[in-house]
Amino acid sequence: MSSDRPIMPKGQIVYGEAVYYLTVVACLICIVGPLIALINPDDNVMNPYFTFAAIFQGHSAEEVWMIVAGGFPGGHFWMDNFFTGDGFTQFGLALGCSSAGFALIIAAIVYAMEKIYLYAGFCIFVAVFIFIAASGIVSF
Amino acid sequence: MGRMLKSPWPETFVMVLVTVLTYTAMTTISFVSEAPEGGMATGAVVGWLFAFFVLSLVIALLGVLGGIGGGVMFTPVMLAFTPVDSLIIRGTGLIVAMFSGLISTGPFMRSGLANMRICVFLCCAFAIGAFSGANGAILVAQHMGEAGEGFVRIVLGVILFTLALYFIFGGKKIEWPQVDKSDKLTETLQLRQPFYEPSLNKVVDYGLKRSPWAFLCIIGVGLLSGFFGLGAGWAIVPAQNLVMGVPLKVAAANSGVLLGMGDCIAVWPYIMMGAIIPIFAAPWLVGQVMGGLLGAIVLIRVKAGFVRYLLIGFMIFSCWGLVTRGLTGLDYIQPVPNWMTGVVFVVIFTWVIFNVVKVLKSTD
């Protein structure tokens, strides 16, 4: 043990900052999204006036989407409905839930620049896993 | 003044301001707008959104005070006492579990308390487990119907009871594990990373061992987390501390980072099949992020051991609800009468109050 404070690796700092600020942005979007849905309930993917009732009646996710939206439009429905309340909120959720993926790509670049290829590889592996999961192309 | 311009103050201020403005606007809308025929009243919709946000905020703050993750409170309580579909709860539970971890990643990485190398190495294992677990949950829900719901509740109830016992008796943890000899793979991975420990006013350089065994353990932990929609800090911390020899404080910081990173994988199968409903999940997400931030700023120096007993009480009570609802769902028993659940509640919380008083007396 010594008293000289160690300098943290750049990859670690960059990952932490990227995840942190992406999470803050995702949070802000998820605060505003439901308000947009309430302002314009007819121009929304799910009508908020019927969504909670369907959820609290114990319907499955599939049934809730069927009752309120006429069917589930896919996990990335925000792309076609970005300016609706649900589309904007879903974008916030998707951003937050893939924030680690984006941050890991940046961290991998930093590790590669520092010639720490093993950890650049680990970062890429986890990031690819996140993006494969987010694409929905692999499911059991 | 200069301190207030540094992270996390500006972003916390912006989030609080936007939240206040948004809920003020929603409340105004509830007074002027009429609900469509057959729909829920606007005030009720706003009420639910606000209630979820406040509940999530309280869970996050209690989590910081009691040292127990949010997912382990949210998922069991919702599964035990609400009629909401289990897949919707488990998907939203992952949101609750992961976002407090994501928001704590920045400060932990900056201070050096978390070790990025350990996190990303173990996350390779967590990724495999969590993705399989989440897809397994969807398979069970699609093919086993009501029986699957009952099965999930009973197994989660048993896990929760074991966990509550673990929290009561503490489990074996070592603050500063002594690592005399490392192994070849752990040395090759170069996982060590010294950090400055303010309580000791020293830089701590810790040794590590048995990383392949920790890797295998974390695959199992990922499976549990993905399948049940729980945060799994309670398992990740001892796996690092006891198996790898990671100091307890570093293991706890790594656990938050790892959950944030790993559950970014587990949550996607739920999103892709529609189990995460935006307007339902959003307030829970916001509460976790703001609660995690406020907790870290305001409450991090407050020691409140008694909150732990409160949380354990909720866990045991949820366990009762989960097992009885599971057995009812499988048609093994009749629905449990409310008076019996009330008696169980009184017994559990008498024990909680007894222990809280004991803790408060001992700290006087």
# chains A, B, ... in the order shown; residues from 1 in each chain; ligands from 1
>>> residues_around(residues="region 144-159 of chain B", least_positions_apart="5", cutoff="8 Å", atoms="only C-alpha atoms", output="mmCIF file with C-alpha atoms, in the first residue's frame")
data_model
loop_
_atom_site.group_PDB
_atom_site.id
_atom_site.type_symbol
_atom_site.label_atom_id
_atom_site.label_comp_id
_atom_site.auth_asym_id
_atom_site.auth_seq_id
_atom_site.Cartn_x
_atom_site.Cartn_y
_atom_site.Cartn_z
ATOM 1 C CA PRO B 76 -41.133 -10.225 -5.821
ATOM 2 C CA LEU B 79 -45.405 -10.756 -8.531
ATOM 3 C CA ALA B 80 -46.814 -11.589 -5.120
ATOM 4 C CA SER B 86 -45.333 -12.025 -14.657
ATOM 5 C CA PHE B 228 -36.438 -13.868 -12.867
ATOM 6 C CA SER B 318 -43.375 -11.273 -0.574
ATOM 7 C CA CYS B 319 -42.168 -14.847 -0.247
ATOM 8 C CA TRP B 320 -45.465 -15.779 1.459
ATOM 9 C CA LEU B 322 -45.369 -15.733 -4.074
ATOM 10 C CA VAL B 323 -45.581 -19.293 -2.749
ATOM 11 C CA THR B 324 -49.313 -19.148 -1.907
ATOM 12 C CA ARG B 325 -50.182 -17.550 -5.269
ATOM 13 C CA GLY B 326 -47.980 -20.087 -7.048
ATOM 14 C CA LEU B 327 -49.644 -23.033 -5.286
ATOM 15 C CA THR B 328 -53.093 -21.532 -5.994
ATOM 16 C CA GLY B 329 -52.159 -21.107 -9.664
ATOM 17 C CA LEU B 330 -51.170 -24.773 -9.840
#
>>> residues_around(residues="Glu63 (chain A)", least_positions_apart="2", cutoff="12 Å", atoms="only C-alpha atoms", output="JSON, numbers by chain")
{"A": [51, 54, 55, 57, 58, 59, 60, 61, 65, 66, 67, 68, 69, 70, 71, 72], "B": [85, 88, 273, 274, 275, 277]}
>>> atom_distance(atom1="CA of Gly93 (chain B)", atom2="CA of Gly291 (chain B)")
15.5 Å
>>> closest_residue(among="A:Glu114, A:Asn44, A:Glu62, A:Ala103", to="Asp80 (chain A)", atoms="only C-alpha atoms")
A:Asn44
>>> atom_distance(atom1="CA of Val237 (chain B)", atom2="CA of Lys361 (chain B)")
29.6 Å
>>> atom_distance(atom1="CA of Ser56 (chain B)", atom2="CA of Gly85 (chain A)")
21.0 Å
>>> interface_residues(of="chain B", to="chain A", cutoff="6 Å", atoms="only C-alpha atoms", output="ChimeraX atom specification")
/B:39-40,83-85,103,105-106,109-110,116,124,135,196,202-204,261,264-265,268,271-272,275,278-279,282,286
>>> write_last_selection(atoms="C-alpha atoms", output="PDB file, in the first residue's frame")
ATOM      1  CA  GLY B  39     -61.140   4.753 -20.555  1.00  0.00           C
ATOM      2  CA  MET B  40     -59.467   5.479 -17.236  1.00  0.00           C
ATOM      3  CA  PRO B  83     -52.454  -9.135 -10.921  1.00  0.00           C
ATOM      4  CA  VAL B  84     -49.932  -7.815 -13.489  1.00  0.00           C
ATOM      5  CA  ASP B  85     -48.599 -10.477 -15.877  1.00  0.00           C
ATOM      6  CA  ILE B 103     -26.169   5.676 -13.197  1.00  0.00           C
ATOM      7  CA  THR B 105     -21.175   3.474 -13.209  1.00  0.00           C
ATOM      8  CA  GLY B 106     -19.812   6.998 -13.859  1.00  0.00           C
ATOM      9  CA  MET B 109     -15.309   4.416 -12.662  1.00  0.00           C
ATOM     10  CA  ARG B 110     -14.101   7.979 -11.995  1.00  0.00           C
ATOM     11  CA  MET B 116     -13.321  -2.084 -15.505  1.00  0.00           C
ATOM     12  CA  CYS B 124     -18.609 -11.980 -20.888  1.00  0.00           C
ATOM     13  CA  ASN B 135     -35.072 -16.184 -23.472  1.00  0.00           C
ATOM     14  CA  TYR B 196      -7.101   4.957  -3.481  1.00  0.00           C
ATOM     15  CA  LYS B 202      -3.737   4.702   1.191  1.00  0.00           C
ATOM     16  CA  VAL B 203      -3.524   3.137  -2.245  1.00  0.00           C
ATOM     17  CA  VAL B 204      -4.621  -0.472  -2.059  1.00  0.00           C
ATOM     18  CA  MET B 261     -23.624  -3.698 -18.411  1.00  0.00           C
ATOM     19  CA  CYS B 264     -28.362  -4.414 -21.190  1.00  0.00           C
ATOM     20  CA  ILE B 265     -28.331  -7.895 -22.749  1.00  0.00           C
ATOM     21  CA  TRP B 268     -33.667  -6.964 -24.845  1.00  0.00           C
ATOM     22  CA  ILE B 271     -38.319  -5.499 -25.112  1.00  0.00           C
ATOM     23  CA  MET B 272     -38.424  -7.413 -28.416  1.00  0.00           C
ATOM     24  CA  ALA B 275     -43.111  -7.265 -22.289  1.00  0.00           C
ATOM     25  CA  PRO B 278     -43.216   2.183 -22.486  1.00  0.00           C
ATOM     26  CA  ILE B 279     -45.681   4.182 -20.368  1.00  0.00           C
ATOM     27  CA  ALA B 282     -40.733   4.812 -17.985  1.00  0.00           C
ATOM     28  CA  VAL B 286     -36.812   7.630 -14.002  1.00  0.00           C
TER      29      VAL B 286
END
>>> select_by_dssp(residues="region 37-102 of chain A", states="helix (DSSP H, G or I)", output="number ranges by chain")
A: 37-39, 41-43, 48-56, 61-69, 77-79, 85-97, 99-102
>>> write_last_selection(atoms="N, CA and C atoms", output="short mmCIF file (atom, residue, chain, number, x, y, z; two decimals), in the first residue's frame")
data_model
loop_
_atom_site.label_atom_id
_atom_site.label_comp_id
_atom_site.auth_asym_id
_atom_site.auth_seq_id
_atom_site.Cartn_x
_atom_site.Cartn_y
_atom_site.Cartn_z
N ALA A 37 -47.55 11.60 -24.63
CA ALA A 37 -48.64 10.63 -24.83
C ALA A 37 -49.96 11.16 -24.29
N LEU A 38 -49.91 11.87 -23.16
CA LEU A 38 -51.14 12.41 -22.56
C LEU A 38 -51.66 13.63 -23.32
N ILE A 39 -50.74 14.42 -23.87
CA ILE A 39 -51.16 15.61 -24.63
C ILE A 39 -51.90 15.19 -25.90
N PRO A 41 -53.26 11.78 -26.99
CA PRO A 41 -53.49 10.33 -26.84
C PRO A 41 -53.95 9.62 -28.11
N ASP A 42 -54.61 10.35 -29.00
CA ASP A 42 -55.10 9.69 -30.22
C ASP A 42 -53.98 9.44 -31.23
N ASP A 43 -52.95 10.31 -31.18
CA ASP A 43 -51.82 10.13 -32.08
C ASP A 43 -50.69 9.44 -31.32
N PRO A 48 -53.06 5.85 -23.75
CA PRO A 48 -52.74 5.72 -22.32
C PRO A 48 -53.96 5.54 -21.43
N TYR A 49 -55.14 5.97 -21.91
CA TYR A 49 -56.35 5.85 -21.09
C TYR A 49 -56.80 4.39 -20.94
N PHE A 50 -56.33 3.52 -21.84
CA PHE A 50 -56.73 2.11 -21.77
C PHE A 50 -55.59 1.18 -21.38
N THR A 51 -54.35 1.70 -21.44
CA THR A 51 -53.18 0.84 -21.21
C THR A 51 -53.12 0.29 -19.78
N PHE A 52 -53.23 1.20 -18.78
CA PHE A 52 -53.10 0.74 -17.39
C PHE A 52 -54.20 -0.25 -17.01
N ALA A 53 -55.43 0.04 -17.50
CA ALA A 53 -56.54 -0.87 -17.17
C ALA A 53 -56.22 -2.27 -17.71
N ALA A 54 -55.72 -2.34 -18.95
CA ALA A 54 -55.41 -3.64 -19.55
C ALA A 54 -54.30 -4.35 -18.77
N ILE A 55 -53.31 -3.58 -18.32
CA ILE A 55 -52.21 -4.19 -17.55
C ILE A 55 -52.73 -4.71 -16.21
N PHE A 56 -53.54 -3.90 -15.52
CA PHE A 56 -54.01 -4.29 -14.19
C PHE A 56 -55.10 -5.37 -14.23
N ALA A 61 -48.58 -9.65 -21.97
CA ALA A 61 -48.05 -8.53 -22.77
C ALA A 61 -48.66 -8.54 -24.17
N GLU A 62 -48.75 -9.72 -24.75
CA GLU A 62 -49.29 -9.86 -26.11
C GLU A 62 -50.74 -9.36 -26.17
N GLU A 63 -51.52 -9.76 -25.14
CA GLU A 63 -52.93 -9.36 -25.10
C GLU A 63 -53.08 -7.85 -24.88
N VAL A 64 -52.20 -7.29 -24.02
CA VAL A 64 -52.27 -5.84 -23.75
C VAL A 64 -52.07 -5.08 -25.06
N TRP A 65 -51.05 -5.49 -25.83
CA TRP A 65 -50.78 -4.80 -27.11
C TRP A 65 -51.94 -4.98 -28.08
N MET A 66 -52.51 -6.19 -28.05
CA MET A 66 -53.64 -6.47 -28.97
C MET A 66 -54.84 -5.60 -28.62
N ILE A 67 -55.15 -5.51 -27.32
CA ILE A 67 -56.32 -4.74 -26.88
C ILE A 67 -56.14 -3.25 -27.16
N VAL A 68 -54.95 -2.73 -26.81
CA VAL A 68 -54.76 -1.26 -26.84
C VAL A 68 -54.22 -0.76 -28.17
N ALA A 69 -53.39 -1.58 -28.84
CA ALA A 69 -52.75 -1.06 -30.06
C ALA A 69 -53.06 -1.91 -31.29
N PHE A 77 -40.36 -0.13 -32.63
CA PHE A 77 -41.46 0.65 -33.24
C PHE A 77 -41.22 2.14 -33.12
N TRP A 78 -40.28 2.53 -32.26
CA TRP A 78 -39.99 3.96 -32.09
C TRP A 78 -39.47 4.59 -33.38
N MET A 79 -38.87 3.79 -34.25
CA MET A 79 -38.31 4.34 -35.50
C MET A 79 -39.41 4.94 -36.38
N GLY A 85 -45.84 9.91 -28.23
CA GLY A 85 -45.40 9.75 -26.84
C GLY A 85 -44.74 8.40 -26.60
N ASP A 86 -45.41 7.31 -27.04
CA ASP A 86 -44.86 5.97 -26.83
C ASP A 86 -43.57 5.76 -27.62
N GLY A 87 -43.55 6.26 -28.86
CA GLY A 87 -42.36 6.11 -29.71
C GLY A 87 -41.16 6.80 -29.08
N PHE A 88 -41.39 8.02 -28.57
CA PHE A 88 -40.31 8.79 -27.95
C PHE A 88 -39.84 8.10 -26.66
N THR A 89 -40.81 7.63 -25.86
CA THR A 89 -40.45 6.94 -24.61
C THR A 89 -39.67 5.65 -24.92
N GLN A 90 -40.16 4.90 -25.93
CA GLN A 90 -39.48 3.65 -26.31
C GLN A 90 -38.06 3.94 -26.79
N PHE A 91 -37.87 5.08 -27.47
CA PHE A 91 -36.53 5.48 -27.90
C PHE A 91 -35.65 5.70 -26.67
N GLY A 92 -36.19 6.36 -25.65
CA GLY A 92 -35.44 6.57 -24.40
C GLY A 92 -35.06 5.25 -23.75
N LEU A 93 -36.03 4.32 -23.71
CA LEU A 93 -35.76 2.99 -23.12
C LEU A 93 -34.67 2.27 -23.92
N ALA A 94 -34.81 2.33 -25.26
CA ALA A 94 -33.84 1.64 -26.12
C ALA A 94 -32.45 2.25 -25.98
N LEU A 95 -32.39 3.57 -25.87
CA LEU A 95 -31.10 4.25 -25.69
C LEU A 95 -30.45 3.83 -24.37
N GLY A 96 -31.25 3.88 -23.31
CA GLY A 96 -30.71 3.49 -21.99
C GLY A 96 -30.29 2.04 -21.97
N CYS A 97 -31.09 1.17 -22.61
CA CYS A 97 -30.81 -0.27 -22.56
C CYS A 97 -29.70 -0.68 -23.52
N SER A 99 -27.03 1.67 -23.82
CA SER A 99 -25.97 2.63 -23.49
C SER A 99 -24.64 1.92 -23.25
N ALA A 100 -24.69 0.76 -22.55
CA ALA A 100 -23.43 0.06 -22.28
C ALA A 100 -22.78 -0.41 -23.58
N GLY A 101 -23.58 -0.77 -24.57
CA GLY A 101 -23.04 -1.21 -25.87
C GLY A 101 -22.24 -0.10 -26.54
N PHE A 102 -22.85 1.10 -26.63
CA PHE A 102 -22.15 2.23 -27.26
C PHE A 102 -20.88 2.58 -26.47
#
>>> residues_around(residues="Val20 (chain B)", least_positions_apart="3", cutoff="12 Å", atoms="only C-alpha atoms", output="PDB file with N, CA and C atoms, in the first residue's frame")
ATOM      1  N   LEU A  28     -34.123  11.618 -19.128  1.00  0.00           N
ATOM      2  CA  LEU A  28     -34.856  12.846 -19.491  1.00  0.00           C
ATOM      3  C   LEU A  28     -35.935  12.540 -20.534  1.00  0.00           C
ATOM      4  N   ILE A  31     -38.856  10.921 -18.947  1.00  0.00           N
ATOM      5  CA  ILE A  31     -39.683  11.827 -18.136  1.00  0.00           C
ATOM      6  C   ILE A  31     -40.709  12.504 -19.050  1.00  0.00           C
ATOM      7  N   VAL A  32     -40.231  12.970 -20.212  1.00  0.00           N
ATOM      8  CA  VAL A  32     -41.071  13.780 -21.103  1.00  0.00           C
ATOM      9  C   VAL A  32     -42.037  12.913 -21.931  1.00  0.00           C
ATOM     10  N   LEU A  35     -45.698  12.482 -20.990  1.00  0.00           N
ATOM     11  CA  LEU A  35     -46.442  13.755 -21.106  1.00  0.00           C
ATOM     12  C   LEU A  35     -46.925  13.935 -22.549  1.00  0.00           C
TER      13      LEU A  35
ATOM     14  N   PHE B  13     -29.874  18.662 -11.153  1.00  0.00           N
ATOM     15  CA  PHE B  13     -30.764  19.831 -11.136  1.00  0.00           C
ATOM     16  C   PHE B  13     -31.685  19.814 -12.364  1.00  0.00           C
ATOM     17  N   VAL B  14     -31.102  19.539 -13.548  1.00  0.00           N
ATOM     18  CA  VAL B  14     -31.905  19.509 -14.782  1.00  0.00           C
ATOM     19  C   VAL B  14     -32.989  18.428 -14.681  1.00  0.00           C
ATOM     20  N   MET B  15     -32.616  17.239 -14.188  1.00  0.00           N
ATOM     21  CA  MET B  15     -33.604  16.153 -14.111  1.00  0.00           C
ATOM     22  C   MET B  15     -34.726  16.473 -13.127  1.00  0.00           C
ATOM     23  N   VAL B  16     -34.364  17.044 -11.979  1.00  0.00           N
ATOM     24  CA  VAL B  16     -35.397  17.408 -10.987  1.00  0.00           C
ATOM     25  C   VAL B  16     -36.324  18.464 -11.584  1.00  0.00           C
ATOM     26  N   LEU B  17     -35.725  19.470 -12.259  1.00  0.00           N
ATOM     27  CA  LEU B  17     -36.524  20.550 -12.844  1.00  0.00           C
ATOM     28  C   LEU B  17     -37.490  20.001 -13.909  1.00  0.00           C
ATOM     29  N   TYR B  23     -44.594  16.812 -14.334  1.00  0.00           N
ATOM     30  CA  TYR B  23     -45.735  16.379 -13.519  1.00  0.00           C
ATOM     31  C   TYR B  23     -46.718  17.521 -13.264  1.00  0.00           C
ATOM     32  N   THR B  24     -46.207  18.767 -13.256  1.00  0.00           N
ATOM     33  CA  THR B  24     -47.120  19.916 -13.132  1.00  0.00           C
ATOM     34  C   THR B  24     -47.996  19.991 -14.385  1.00  0.00           C
ATOM     35  N   ALA B  25     -47.353  19.824 -15.557  1.00  0.00           N
ATOM     36  CA  ALA B  25     -48.112  19.857 -16.818  1.00  0.00           C
ATOM     37  C   ALA B  25     -49.135  18.725 -16.869  1.00  0.00           C
ATOM     38  N   MET B  26     -48.738  17.535 -16.411  1.00  0.00           N
ATOM     39  CA  MET B  26     -49.658  16.380 -16.421  1.00  0.00           C
ATOM     40  C   MET B  26     -50.865  16.644 -15.518  1.00  0.00           C
ATOM     41  N   THR B  27     -50.577  17.216 -14.339  1.00  0.00           N
ATOM     42  CA  THR B  27     -51.671  17.506 -13.404  1.00  0.00           C
ATOM     43  C   THR B  27     -52.635  18.518 -14.029  1.00  0.00           C
ATOM     44  N   PHE B  50     -47.351   8.946 -11.443  1.00  0.00           N
ATOM     45  CA  PHE B  50     -46.667   9.589 -10.328  1.00  0.00           C
ATOM     46  C   PHE B  50     -46.369   8.576  -9.211  1.00  0.00           C
ATOM     47  N   PHE B  53     -43.448   6.446 -10.163  1.00  0.00           N
ATOM     48  CA  PHE B  53     -42.206   7.224 -10.054  1.00  0.00           C
ATOM     49  C   PHE B  53     -41.766   7.332  -8.594  1.00  0.00           C
TER      50      PHE B  53
END
